[in-house]
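J.: You'll find final-v5.txt just under this line, and it carries compact mmCIF, C-alpha atoms.
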```
# COMPACT_ATOMS: atom_id res chain seq x y z
CA MET A 261 126.21 87.94 75.13
CA SER A 262 122.62 86.88 75.64
CA GLU A 263 121.25 84.10 73.43
CA ARG A 264 118.05 86.08 72.87
CA THR A 265 117.94 88.54 69.99
CA ILE A 266 115.62 91.31 71.10
CA ALA A 267 113.74 94.02 69.23
CA ALA A 268 111.54 96.99 70.06
CA ILE A 269 110.40 100.35 68.72
CA ALA A 270 112.97 102.84 70.01
CA THR A 271 111.10 106.03 69.10
CA ALA A 272 108.06 107.58 70.74
CA ASN A 273 104.70 105.95 70.18
CA GLY A 274 102.95 108.37 67.84
CA ILE A 275 103.07 110.19 64.52
CA GLY A 276 106.54 111.39 63.50
CA GLY A 277 108.92 111.80 60.61
CA VAL A 278 110.94 108.70 61.45
CA GLY A 279 110.31 105.53 63.43
CA VAL A 280 113.22 103.37 64.60
CA ILE A 281 113.10 99.64 65.29
CA ARG A 282 116.16 98.51 67.25
CA ILE A 283 117.41 94.90 67.09
CA SER A 284 120.20 93.65 69.38
CA GLY A 285 121.82 90.27 69.88
CA GLU A 286 124.00 87.65 68.29
CA ASN A 287 121.56 87.09 65.39
CA SER A 288 120.42 90.69 64.91
CA LYS A 289 122.00 90.98 61.45
CA GLN A 290 120.48 87.70 60.26
CA VAL A 291 117.04 88.72 61.54
CA ALA A 292 117.26 92.15 59.89
CA GLU A 293 118.40 90.63 56.61
CA LYS A 294 115.23 88.50 56.45
CA VAL A 295 113.00 91.59 56.42
CA PHE A 296 115.21 94.27 54.83
CA LYS A 297 116.37 94.24 51.20
CA SER A 298 118.92 96.83 50.14
CA VAL A 299 118.37 98.48 46.75
CA SER A 300 122.09 97.95 46.07
CA ASP A 301 121.85 94.24 47.01
CA LYS A 302 124.19 94.91 49.95
CA LYS A 303 123.77 92.21 52.60
CA ILE A 304 123.40 93.37 56.19
CA THR A 305 125.44 90.40 57.43
CA GLU A 306 128.40 91.65 55.39
CA MET A 307 128.19 95.34 56.36
CA LYS A 308 130.85 97.06 58.41
CA GLY A 309 129.96 98.76 61.67
CA TYR A 310 128.69 102.34 61.59
CA THR A 311 127.49 102.02 57.99
CA ALA A 312 124.00 102.41 56.56
CA THR A 313 122.15 101.30 53.47
CA TYR A 314 118.85 102.28 51.87
CA GLY A 315 116.26 99.68 50.98
CA LYS A 316 112.79 98.29 51.61
CA VAL A 317 111.19 96.31 54.42
CA TYR A 318 109.05 93.26 53.67
CA ASP A 319 106.77 91.00 55.65
CA GLY A 320 107.23 87.89 53.55
CA ASP A 321 106.45 89.08 50.01
CA GLU A 322 104.44 92.09 51.18
CA LEU A 323 106.16 95.47 50.98
CA ILE A 324 105.77 97.42 54.23
CA ASP A 325 107.86 100.57 53.73
CA GLU A 326 111.04 102.15 52.45
CA ALA A 327 113.73 102.34 55.15
CA VAL A 328 117.37 102.79 56.10
CA ALA A 329 119.28 100.07 57.96
CA LEU A 330 122.14 101.16 60.21
CA VAL A 331 124.59 98.52 61.48
CA PHE A 332 126.68 98.53 64.68
CA ASN A 333 129.12 95.66 65.18
CA ALA A 334 129.93 94.28 68.64
CA PRO A 335 131.41 95.45 70.90
CA HIS A 336 131.14 99.00 69.49
CA SER A 337 127.42 99.50 70.02
CA TYR A 338 125.09 100.79 72.71
CA THR A 339 124.47 97.30 74.10
CA GLY A 340 127.93 95.88 73.33
CA GLU A 341 126.26 93.40 70.95
CA ASP A 342 125.59 93.39 67.22
CA VAL A 343 122.85 95.96 66.69
CA VAL A 344 120.76 96.89 63.64
CA GLU A 345 118.45 99.89 63.62
CA ILE A 346 115.81 100.09 60.90
CA SER A 347 114.54 103.63 60.32
CA CYS A 348 111.21 103.73 58.54
CA HIS A 349 108.53 106.39 58.16
CA GLY A 350 107.12 107.43 61.52
CA GLY A 351 103.64 106.47 62.61
CA MET A 352 102.09 103.87 64.86
CA TYR A 353 100.92 101.51 62.10
CA VAL A 354 104.11 101.36 60.00
CA THR A 355 106.54 100.98 62.89
CA LYS A 356 104.41 98.26 64.46
CA ARG A 357 104.23 96.40 61.14
CA VAL A 358 108.02 96.50 60.80
CA LEU A 359 108.46 95.32 64.40
CA ARG A 360 105.96 92.51 63.81
CA ALA A 361 107.93 91.35 60.78
CA VAL A 362 111.17 91.40 62.78
CA LEU A 363 109.58 89.35 65.57
CA LYS A 364 108.23 86.83 63.05
CA ASN A 365 111.75 86.26 61.78
CA GLY A 366 113.56 85.28 64.95
CA ALA A 367 113.66 88.21 67.38
CA VAL A 368 111.71 88.44 70.63
CA SER A 369 110.14 91.51 72.21
CA ALA A 370 112.54 93.45 74.40
CA GLU A 371 111.60 93.89 78.04
CA PRO A 372 111.51 97.36 79.61
CA GLY A 373 115.07 98.69 79.78
CA GLU A 374 116.58 95.54 78.28
CA PHE A 375 118.84 97.36 75.80
CA THR A 376 120.37 99.46 78.59
CA LYS A 377 120.48 96.42 80.89
CA ARG A 378 122.57 94.60 78.29
CA ALA A 379 124.83 97.64 78.01
CA PHE A 380 125.39 97.41 81.78
CA LEU A 381 125.91 93.64 81.81
CA ASN A 382 128.34 93.90 78.87
CA GLY A 383 130.41 96.52 80.67
CA LYS A 384 129.45 99.45 78.45
CA MET A 385 128.35 101.53 81.44
CA GLY A 386 128.04 101.34 85.22
CA LEU A 387 124.75 101.10 87.06
CA THR A 388 124.72 104.81 87.97
CA GLU A 389 125.24 105.73 84.32
CA ALA A 390 122.50 103.30 83.27
CA GLU A 391 120.04 104.80 85.76
CA SER A 392 120.73 108.27 84.36
CA VAL A 393 119.42 107.22 80.94
CA MET A 394 115.79 107.37 82.05
CA ASP A 395 116.46 110.65 83.86
CA ILE A 396 117.65 112.15 80.56
CA ILE A 397 114.50 110.95 78.81
CA SER A 398 112.18 112.28 81.53
CA ALA A 399 114.08 115.54 82.24
CA ARG A 400 111.66 118.45 82.79
CA GLY A 401 114.16 121.29 82.52
CA SER A 402 117.78 122.20 81.80
CA GLN A 403 118.90 121.55 85.40
CA SER A 404 117.47 118.03 85.51
CA ALA A 405 118.89 117.33 82.04
CA ARG A 406 122.36 118.55 83.12
CA ALA A 407 122.22 116.44 86.25
CA ALA A 408 121.30 113.32 84.29
CA LEU A 409 123.90 113.97 81.59
CA SER A 410 126.67 114.50 84.16
CA CYS A 411 125.81 111.13 85.73
CA MET A 412 125.76 109.46 82.33
CA GLU A 413 129.22 110.91 81.65
CA GLY A 414 130.45 109.35 84.89
CA LYS A 415 130.69 112.39 87.20
CA LEU A 416 128.90 110.61 90.06
CA ARG A 417 130.90 107.44 89.43
CA GLN A 418 134.15 109.42 89.67
CA LYS A 419 133.17 110.82 93.07
CA ILE A 420 132.22 107.40 94.40
CA ASP A 421 135.38 105.81 93.00
CA SER A 422 137.50 108.49 94.67
CA VAL A 423 135.98 107.77 98.09
CA ARG A 424 136.13 104.03 97.58
CA GLU A 425 139.80 104.15 96.52
CA ARG A 426 140.75 105.91 99.76
CA LEU A 427 138.78 103.37 101.79
CA VAL A 428 140.40 100.45 99.93
CA ASN A 429 143.84 101.87 100.69
CA CYS A 430 142.93 102.14 104.38
CA ALA A 431 141.57 98.60 104.49
CA ALA A 432 144.60 97.22 102.61
CA HIS A 433 147.06 98.87 105.01
CA LEU A 434 145.13 97.65 108.03
CA SER A 435 144.93 94.08 106.70
CA ALA A 436 148.59 93.93 105.70
CA TRP A 437 149.75 95.33 109.04
CA ALA A 438 147.59 92.83 110.96
CA ASP A 439 148.34 89.75 108.82
CA TYR A 440 152.09 90.23 108.35
CA PRO A 441 153.42 91.68 111.62
CA GLU A 442 156.94 90.42 110.95
CA ASP A 443 157.27 92.17 107.57
CA ASP A 444 158.53 95.71 107.18
CA ILE A 445 155.06 97.32 106.93
CA PRO A 446 154.59 100.83 108.38
CA GLN A 447 152.55 100.89 111.57
CA VAL A 448 149.04 102.23 111.22
CA ASN A 449 148.85 105.87 112.28
CA THR A 450 145.36 106.29 113.74
CA ASP A 451 145.46 110.09 113.37
CA ASN A 452 146.13 109.76 109.63
CA LEU A 453 143.48 107.06 109.39
CA ILE A 454 140.89 109.29 111.08
CA GLU A 455 141.84 112.17 108.76
CA THR A 456 141.27 110.03 105.66
CA LEU A 457 137.99 108.63 106.97
CA THR A 458 136.81 112.14 107.84
CA GLU A 459 137.50 113.27 104.26
CA CYS A 460 135.39 110.34 103.00
CA LYS A 461 132.66 111.24 105.49
CA THR A 462 132.62 114.82 104.18
CA GLU A 463 132.32 113.71 100.54
CA LEU A 464 129.50 111.26 101.25
CA SER A 465 127.67 113.78 103.44
CA LYS A 466 127.78 116.34 100.63
CA LEU A 467 126.35 113.83 98.16
CA LEU A 468 123.50 113.00 100.53
CA LYS A 469 122.86 116.66 101.29
CA ASN A 470 122.27 117.38 97.59
CA TYR A 471 119.98 114.36 97.09
CA ASP A 472 116.74 116.10 98.09
CA ALA A 473 117.47 119.12 95.89
CA GLY A 474 118.31 116.80 93.00
CA LYS A 475 115.05 114.94 93.55
CA VAL A 476 113.16 118.24 93.35
CA ILE A 477 114.53 119.16 89.92
CA ARG A 478 113.74 115.65 88.64
CA GLU A 479 110.34 114.95 90.18
CA GLY A 480 109.10 118.36 91.30
CA VAL A 481 107.71 119.37 94.67
CA ASP A 482 104.08 119.01 95.77
CA THR A 483 102.96 122.61 96.20
CA VAL A 484 99.69 123.90 97.63
CA ILE A 485 98.25 127.37 97.14
CA ALA A 486 96.32 128.24 100.31
CA GLY A 487 94.57 131.25 101.78
CA ARG A 488 91.14 132.62 102.57
CA PRO A 489 88.68 133.32 99.72
CA ASN A 490 89.35 136.12 97.24
CA VAL A 491 92.99 136.75 98.14
CA GLY A 492 94.09 135.80 94.59
CA LYS A 493 94.90 132.08 94.86
CA SER A 494 93.30 131.21 91.54
CA THR A 495 94.90 134.22 89.84
CA LEU A 496 98.29 133.03 91.12
CA MET A 497 97.50 129.52 89.86
CA ASN A 498 96.69 130.92 86.42
CA LEU A 499 99.80 133.10 86.42
CA LEU A 500 102.10 130.15 87.16
CA SER A 501 100.23 127.86 84.76
CA GLY A 502 100.32 130.36 81.92
CA CYS A 503 96.63 129.80 81.24
CA GLU A 504 93.22 130.14 82.90
CA ARG A 505 93.33 126.90 84.87
CA SER A 506 91.22 128.10 87.84
CA ILE A 507 88.00 130.12 87.71
CA VAL A 508 88.54 133.69 88.92
CA THR A 509 85.58 135.72 90.24
CA ASN A 510 84.95 138.22 93.03
CA ILE A 511 82.48 135.79 94.61
CA PRO A 512 83.96 134.11 97.75
CA GLY A 513 84.02 130.32 97.68
CA THR A 514 84.21 129.88 93.87
CA THR A 515 86.93 127.21 94.14
CA ARG A 516 85.37 124.31 96.01
CA ASP A 517 87.70 121.44 95.12
CA VAL A 518 91.42 120.95 94.58
CA ILE A 519 92.60 121.95 91.09
CA GLU A 520 95.94 120.45 90.06
CA GLU A 521 98.54 121.41 87.46
CA THR A 522 102.27 120.77 86.88
CA VAL A 523 104.17 123.97 86.11
CA MET A 524 107.78 125.12 85.86
CA LEU A 525 108.85 127.96 88.15
CA GLY A 526 112.17 128.73 86.50
CA GLU A 527 113.97 125.37 86.67
CA ILE A 528 111.83 124.00 89.51
CA PRO A 529 108.88 121.74 88.62
CA LEU A 530 105.89 122.40 90.87
CA ASN A 531 103.10 119.85 91.23
CA LEU A 532 100.69 122.66 91.94
CA SER A 533 97.30 122.48 93.70
CA ASP A 534 94.85 125.38 93.97
CA THR A 535 92.61 124.75 96.97
CA ALA A 536 89.34 126.10 98.27
CA GLY A 537 89.53 129.26 100.36
CA ILE A 538 90.21 128.47 104.02
CA ARG A 539 87.49 130.09 106.12
CA SER A 540 84.66 129.28 108.51
CA THR A 541 81.52 128.48 106.52
CA ASP A 542 78.07 126.98 107.01
CA ASP A 543 77.89 125.83 103.40
CA PRO A 544 78.23 122.00 103.58
CA VAL A 545 79.73 121.73 100.08
CA GLU A 546 82.26 124.52 100.63
CA SER A 547 83.18 123.14 104.06
CA ILE A 548 84.25 119.87 102.43
CA GLY A 549 86.55 121.85 100.12
CA VAL A 550 87.95 123.80 103.09
CA GLN A 551 88.72 120.56 104.93
CA LYS A 552 90.44 119.15 101.84
CA ALA A 553 92.49 122.33 101.60
CA LYS A 554 93.68 122.03 105.20
CA GLU A 555 94.62 118.39 104.67
CA ARG A 556 96.62 119.28 101.55
CA VAL A 557 98.43 122.05 103.41
CA MET A 558 99.57 119.64 106.12
CA ARG A 559 100.88 117.11 103.57
CA ALA A 560 102.48 119.54 101.12
CA GLY A 561 106.18 119.77 100.41
CA LEU A 562 105.72 123.51 99.83
CA VAL A 563 102.92 125.98 100.55
CA PHE A 564 102.16 129.31 98.91
CA ALA A 565 100.18 131.09 101.63
CA VAL A 566 98.43 133.94 99.82
CA PHE A 567 97.33 137.14 101.60
CA ASP A 568 95.46 140.17 100.28
CA SER A 569 97.65 143.26 100.74
CA SER A 570 94.64 145.56 100.32
CA GLN A 571 92.67 144.03 103.22
CA PRO A 572 93.32 143.93 107.00
CA LEU A 573 94.54 140.64 108.44
CA SER A 574 91.54 138.42 109.26
CA ASP A 575 91.13 135.63 111.79
CA ASP A 576 91.28 133.14 108.90
CA ASP A 577 94.61 134.68 107.81
CA ARG A 578 96.00 134.39 111.34
CA GLU A 579 94.89 130.77 111.59
CA LEU A 580 96.72 129.95 108.36
CA VAL A 581 99.91 131.69 109.53
CA GLU A 582 99.90 129.76 112.82
CA LEU A 583 99.27 126.52 110.89
CA LEU A 584 102.37 127.13 108.74
CA LYS A 585 104.89 128.32 111.35
CA ASP A 586 107.01 125.16 111.05
CA ALA A 587 106.11 124.28 107.46
CA PRO A 588 108.07 124.91 104.21
CA ALA A 589 106.04 127.94 103.16
CA VAL A 590 106.22 131.23 101.30
CA ALA A 591 103.96 134.07 102.37
CA VAL A 592 102.73 135.56 99.12
CA ILE A 593 101.51 139.12 99.70
CA ASN A 594 99.24 139.65 96.70
CA LYS A 595 97.51 142.68 95.17
CA THR A 596 100.48 144.99 95.73
CA ASP A 597 99.05 147.19 92.98
CA LEU A 598 96.43 148.33 95.54
CA GLU A 599 96.84 150.40 98.71
CA GLN A 600 98.29 148.28 101.54
CA GLN A 601 96.06 147.54 104.55
CA LEU A 602 97.64 144.24 105.63
CA ASP A 603 99.57 143.79 108.90
CA VAL A 604 102.69 142.29 107.31
CA GLU A 605 104.66 142.40 110.57
CA PHE A 606 102.47 139.68 112.12
CA ILE A 607 103.24 137.43 109.15
CA SER A 608 106.97 138.23 108.96
CA GLN A 609 107.44 137.37 112.64
CA ARG A 610 106.18 133.83 111.99
CA LEU A 611 107.06 133.02 108.37
CA LYS A 612 110.65 133.39 107.15
CA HIS A 613 109.99 133.62 103.42
CA ILE A 614 107.87 136.51 102.10
CA VAL A 615 107.37 137.85 98.57
CA TYR A 616 105.27 140.72 97.29
CA ILE A 617 103.44 140.19 94.02
CA SER A 618 100.60 141.32 91.85
CA ALA A 619 99.28 138.06 90.42
CA LEU A 620 96.96 140.07 88.17
CA ASN A 621 99.82 142.04 86.57
CA GLY A 622 102.42 139.26 86.80
CA ASN A 623 104.81 141.24 89.01
CA GLY A 624 106.96 139.41 91.59
CA ALA A 625 107.26 135.98 89.93
CA ASP A 626 111.09 136.22 89.86
CA GLU A 627 111.22 136.90 93.60
CA LEU A 628 108.91 133.94 94.22
CA GLU A 629 111.26 131.71 92.24
CA LYS A 630 114.25 132.80 94.37
CA GLU A 631 112.44 132.08 97.63
CA VAL A 632 111.32 128.64 96.43
CA ALA A 633 114.86 127.77 95.30
CA ASP A 634 116.11 128.70 98.77
CA ILE A 635 113.50 126.53 100.52
CA VAL A 636 113.90 123.39 98.36
CA GLY A 637 117.71 123.65 98.25
CA THR A 638 118.23 124.21 94.53
CA ALA A 639 119.62 127.75 94.87
CA ASN A 640 123.22 126.54 95.32
CA LEU A 641 122.91 123.22 93.51
CA ASP A 642 125.40 122.58 90.70
CA ALA A 643 123.51 120.03 88.63
CA SER A 644 126.56 119.30 86.48
CA GLU A 645 128.83 118.10 89.30
CA GLY A 646 127.25 114.65 89.68
CA ILE A 647 124.47 114.03 92.21
CA LEU A 648 122.68 110.99 93.58
CA ALA A 649 119.71 110.26 91.33
CA THR A 650 117.72 107.39 92.85
CA GLU A 651 116.54 106.11 96.20
CA ARG A 652 118.68 103.00 95.64
CA GLN A 653 121.77 105.18 95.27
CA ARG A 654 120.82 107.23 98.33
CA VAL A 655 120.44 104.14 100.53
CA SER A 656 123.82 102.75 99.41
CA ALA A 657 125.54 106.10 100.04
CA GLU A 658 123.88 106.42 103.44
CA ASN A 659 124.96 102.88 104.40
CA ALA A 660 128.52 103.71 103.36
CA LEU A 661 128.45 106.94 105.39
CA ASN A 662 127.15 105.12 108.46
CA SER A 663 129.96 102.59 108.18
CA VAL A 664 132.59 105.33 107.82
CA CYS A 665 131.21 107.11 110.90
CA GLU A 666 131.25 103.82 112.79
CA ALA A 667 134.89 103.28 111.79
CA ILE A 668 135.85 106.73 113.11
CA ASP A 669 134.01 106.10 116.39
CA THR A 670 135.61 102.67 116.73
CA ILE A 671 139.11 104.14 116.42
CA LYS A 672 138.37 106.92 118.93
CA MET A 673 137.05 104.36 121.44
CA GLY A 674 140.31 102.43 121.20
CA ILE A 675 138.72 99.23 119.92
CA THR A 676 140.97 96.78 118.07
CA LEU A 677 141.83 97.77 114.49
CA ASP A 678 140.44 94.45 113.24
CA ALA A 679 136.98 95.82 114.01
CA VAL A 680 137.83 99.02 112.12
CA THR A 681 138.80 96.97 109.08
CA VAL A 682 135.43 95.18 109.12
CA VAL A 683 133.34 98.37 109.09
CA ILE A 684 135.56 99.98 106.42
CA GLU A 685 134.99 96.91 104.26
CA ASP A 686 131.24 97.32 104.86
CA ALA A 687 131.52 100.90 103.52
CA ILE A 688 133.42 99.66 100.45
CA ASN A 689 130.75 97.02 99.76
CA SER A 690 128.00 99.67 99.96
CA LEU A 691 129.81 101.80 97.38
CA LEU A 692 130.34 98.79 95.12
CA GLU A 693 126.59 98.19 95.29
CA LEU A 694 125.97 101.84 94.41
CA THR A 695 128.06 101.65 91.21
CA GLY A 696 126.79 98.17 90.35
CA GLU A 697 130.14 96.38 90.63
CA ARG A 698 128.75 94.14 93.36
CA VAL A 699 125.00 93.99 93.03
CA THR A 700 122.43 91.20 93.07
CA GLU A 701 120.41 90.14 90.04
CA THR A 702 117.24 91.14 91.90
CA VAL A 703 118.46 94.72 92.28
CA VAL A 704 119.49 94.89 88.61
CA ASP A 705 116.08 93.62 87.49
CA ARG A 706 114.35 96.16 89.74
CA VAL A 707 116.42 99.05 88.34
CA PHE A 708 115.65 98.29 84.71
CA SER A 709 111.99 97.41 85.28
CA HIS A 710 111.31 101.16 85.57
CA PHE A 711 112.64 101.85 82.06
CA CYS A 712 110.50 102.25 78.96
CA VAL A 713 110.42 99.55 76.28
CA GLY A 714 112.91 100.32 73.52
CA LYS A 715 115.56 101.77 75.83
```
Produce structure tokens that represent the structure in this file.
T.:
Amino acid sequence: MSERTIAAIATANGIGGVGVIRISGENSKQVAEKVFKSVSDKKITEMKGYTATYGKVYDGDELIDEAVALVFNAPHSYTGEDVVEISCHGGMYVTKRVLRAVLKNGAVSAEPGEFTKRAFLNGKMGLTEAESVMDIISARGSQSARAALSCMEGKLRQKIDSVRERLVNCAAHLSAWADYPEDDIPQVNTDNLIETLTECKTELSKLLKNYDAGKVIREGVDTVIAGRPNVGKSTLMNLLSGCERSIVTNIPGTTRDVIEETVMLGEIPLNLSDTAGIRSTDDPVESIGVQKAKERVMRAGLVFAVFDSSQPLSDDDRELVELLKDAPAVAVINKTDLEQQLDVEFISQRLKHIVYISALNGNGADELEKEVADIVGTANLDASEGILATERQRVSAENALNSVCEAIDTIKMGITLDAVTVVIEDAINSLLELTGERVTETVVDRVFSHFCVGK
């Protein structure tokens, strides 16, 4: 256990029904007892784990608030240490006063993520489970919440452990066969070895394949709405936003700058940008907006290219289609409530994904969601099966995969099995780093520095 007894506000910073101050460490009970007085004269230092008592919180002789103290005895707590949680009335002033009193009586302010870091260091959870804690807190939808919860329950860890166990068995057999040639140890069958390594390669490749889709449901995808003026870009922006975020008029060139909003399209977060209409113009102000729009289109992770179904295809439309031929884009054929004049065949020959909508009436949003899910890879993603959640995890998994592939190639080239053992051990070390069983203090500090204070 750490010698420092730490404390922080564990609830959101704002007005609420209850505010919780969490204290963890060897002296957490003693610190809490100095500021909390039970109405039944029950001493916190004598309380059993998972019990609570009602009382009042004092700063010296000054009454701060009525509260409930809940005690968790080590090792049966979130951090694996003695923990006391004081629940007072919610609100910024009261919770900060209680925390200040706790800090005056022997605790120190917790660093970002320090409670979860202690849980990891005390063996309460692995590093992948610890990293999922912040994903649960920041989840934007049910898919991202399921993905984070499955990791916290150990689904990702189980997959990694399964691969690592097979690699350890391979390495152990190779080492034993090489080091004890006179003992009765079965000769290494390279065909069986390649089969096992190929199974590991398949599992790691699947994990890496799902990483980008998992990142989308956690962080969203940068999405640009593009098209010439008056095709309905701003109406589409307002439809997806659920409010009038962009100004809608029949005057071309109304939107002159990039308007941004984060919206949910089903379970997919879109970091949405409505841009100025892309067209040739002599207006110096509008031309700046048009240039910004083109730059955003080239950088976007996803583009909604909007076309007016009631108008013939223009040169500006054709330019946009050619610009997006190799880009992740959906051709949004808008104003389907009007008579069609648009040459859709020209668009369909160059852009794979097409939806027909009426942004004004709200028709076609479901079809748009399906096309987006197909492009970003979330259509077939099972968020509950355990997926890689961080760039750190992705790099470790990729390093392990590269080592497994190298081991397979080494066997096929007929190189000595000693060399195969070395690269298999490299793969094992990468997986140990992924789960946190063999990880440097620098990496641990970096992981938990991204957490919020109080968690």
J.: Hey, which of A:Asn621, A:Ser574, A:Thr313, A:Ser494 ends up closest to Ile607 in chain A? Count only C-alpha atoms.
T.: A:Ser574
J.: Pick from A:Lys466, A:His433, A:Lys554, A:Arg559: nearest to Thr450 in chain A, with all atoms listed in the file counted?
T.: A:His433
J.: Hey, can you check how far CA of Asn640 in chain A sits from CA of Arg400 in chain A?
T.: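 So the answer is 18.9 Å.
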J.: Which residues are close to Gly366 in chain A, i.e. within 9 Å by all atoms listed in the file, leaving aside same-chain residues fewer than 4 positions away? Reply as a ChimeraX atom specification.
T.: /A:265-266,287-288,290-291,362
J.: Find, counting all atoms listed in the file, the residue in A:Asn531, A:Ser644, A:Gln571, A:Thr456 that gets nearest to Val484 in chain A.
T.: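 Nearest candidate to Val484 in chain A out of A:Asn531, A:Ser644, A:Gln571, A:Thr456: A:Asn531.
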J.: Tell me which of A:Ser402, A:Thr458, A:Gln551, A:Thr483 sits closest to Thr522 in chain A, counting all atoms listed in the file.
T.: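 Going through A:Ser402, A:Thr458, A:Gln551, A:Thr483 one by one, the smallest distance to Thr522 in chain A is for A:Thr483.
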J.: Please provide as a CSV table (one decimal) with C-alpha atoms, keeping the file's coordinate frame all residues within 8 Å of range 349-358 of chain A, with the sequence filter that same-chain residues fewer than 5 positions apart are discarded (counting all atoms listed in the file).
T.:
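The new file out_2.csv reads:
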```
chain,number,residue,atom,x,y,z
A,269,ILE,CA,110.4,100.4,68.7
A,273,ASN,CA,104.7,106.0,70.2
A,274,GLY,CA,103.0,108.4,67.8
A,275,ILE,CA,103.1,110.2,64.5
A,276,GLY,CA,106.5,111.4,63.5
A,277,GLY,CA,108.9,111.8,60.6
A,278,VAL,CA,110.9,108.7,61.4
A,279,GLY,CA,110.3,105.5,63.4
A,280,VAL,CA,113.2,103.4,64.6
A,281,ILE,CA,113.1,99.6,65.3
A,317,VAL,CA,111.2,96.3,54.4
A,318,TYR,CA,109.0,93.3,53.7
A,319,ASP,CA,106.8,91.0,55.6
A,324,ILE,CA,105.8,97.4,54.2
A,325,ASP,CA,107.9,100.6,53.7
A,326,GLU,CA,111.0,102.2,52.4
A,327,ALA,CA,113.7,102.3,55.2
```
J.: For a test of reading the model, state the distance in Å between CA of Leu530 in chain A and CA of Gly414 in chain A, rounded to one decimal.
T.: 28.4 Å
J.: Could you jot down the CA of Glu599 in chain A to CA of Leu525 in chain A separation for me, Å, one decimal place?
T.: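 CA of Leu525 in chain A lies 27.6 Å from CA of Glu599 in chain A.
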J.: For a quick check of understanding, using all atoms listed in the file, which of A:Ser300, A:Ser465, A:Thr388, A:Ser656 has the smallest distance to Glu413 in chain A?
T.: A:Thr388
J.: Counting all atoms listed in the file, which of A:Lys715, A:Arg578, A:Lys289, A:Lys461 gets nearest to Ile346 in chain A?
T.: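 The shortest atom-to-atom distance to Ile346 in chain A comes from A:Lys289.
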J.: Please provide the set of residues having any atom within 8 Å of Phe375 in chain A, restricted to all atoms listed in the file, with same-chain residues fewer than 2 positions apart removed, written as number ranges by chain.
T.: A: 284, 338-339, 370, 373, 377-379, 714-715
J.: Write out as a list in words the residues lying within 10 Å of Gln600 in chain A, counting only C-alpha atoms and excluding same-chain residues fewer than 6 positions away.
T.: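 Here the qualifying residues turn out to be Asp568, Ser569, Ser570, Gln571, Pro572, Ile593 and Asn594 of chain A.
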J.: Could you give me, as a PyMOL selection string, the residues within 10 Å of Met558 in chain A, counting all atoms listed in the file and dropping anything in the same chain fewer than 5 positions from it?
T.: chain A and resi 484+553+563+583-584+587
